[in-house]
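To start, the structure under review is shown below, and the notes come after it.
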Amino acid sequence: MKKKKIRTVWDDVEEKWYFCVVDVVEVLTDSTNPQTYWRVLKNRLRKEGNETVTNCNALKLRAADGKMRLSGNG
């Protein structure tokens with residue numbers, strides 16, 4: 001079994017942790033396409049009036065290839 005990692009970023013100014021929602025979705029659901037899973041879930045939550053997802057913005061995090069890329073959280 002491959003160990004999955006959740007990418008995080010600490011903001012020293014705001015003293016808050018930020019994490020990649022797509023990584024969390026992958027770990028919790030074992031989905032083969034966590035980006036699509038998150039996009040569909042986010043749309044369903046918005047349609048239900050859930051405003052939590054409005055605070056989810058894409059972050060630049062280190063990708064598997066070592067490059068900094070947008071996380072796809074948005």
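We label chains A, B, ... in the order they appear in the structure tokens, count residues from 1 in each chain, and number ligands from 1 in the order shown.
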
Exercise for review: Excluding region 22-32 of chain A and residues on its chain fewer than 2 positions from it, collect all residues at most 12 Å away from it, counting only C-alpha atoms, and give them as a VMD selection string.
Suggested key: chain A and resid 1 to 8 18 to 20 34 to 42 56 to 59 61 63 to 64 70 to 74

Check your understanding: Just asking: which residues within chain A are helix (DSSP H, G or I) according to DSSP, as a ChimeraX atom specification?
Key -> /A:21-29,34-47,52-55

Exercise for review: Select from region 11-47 of chain A everything DSSP, run on the backbone, classes as strand (DSSP E or B), then give the selection as a PyMOL selection string.
Suggested key: chain A and resi 11+16-19

Point to revise | One-decimal distance in Å that lies between CA of Asp11 (chain A) and CA of Leu45 (chain A) | key: 27.1 Å
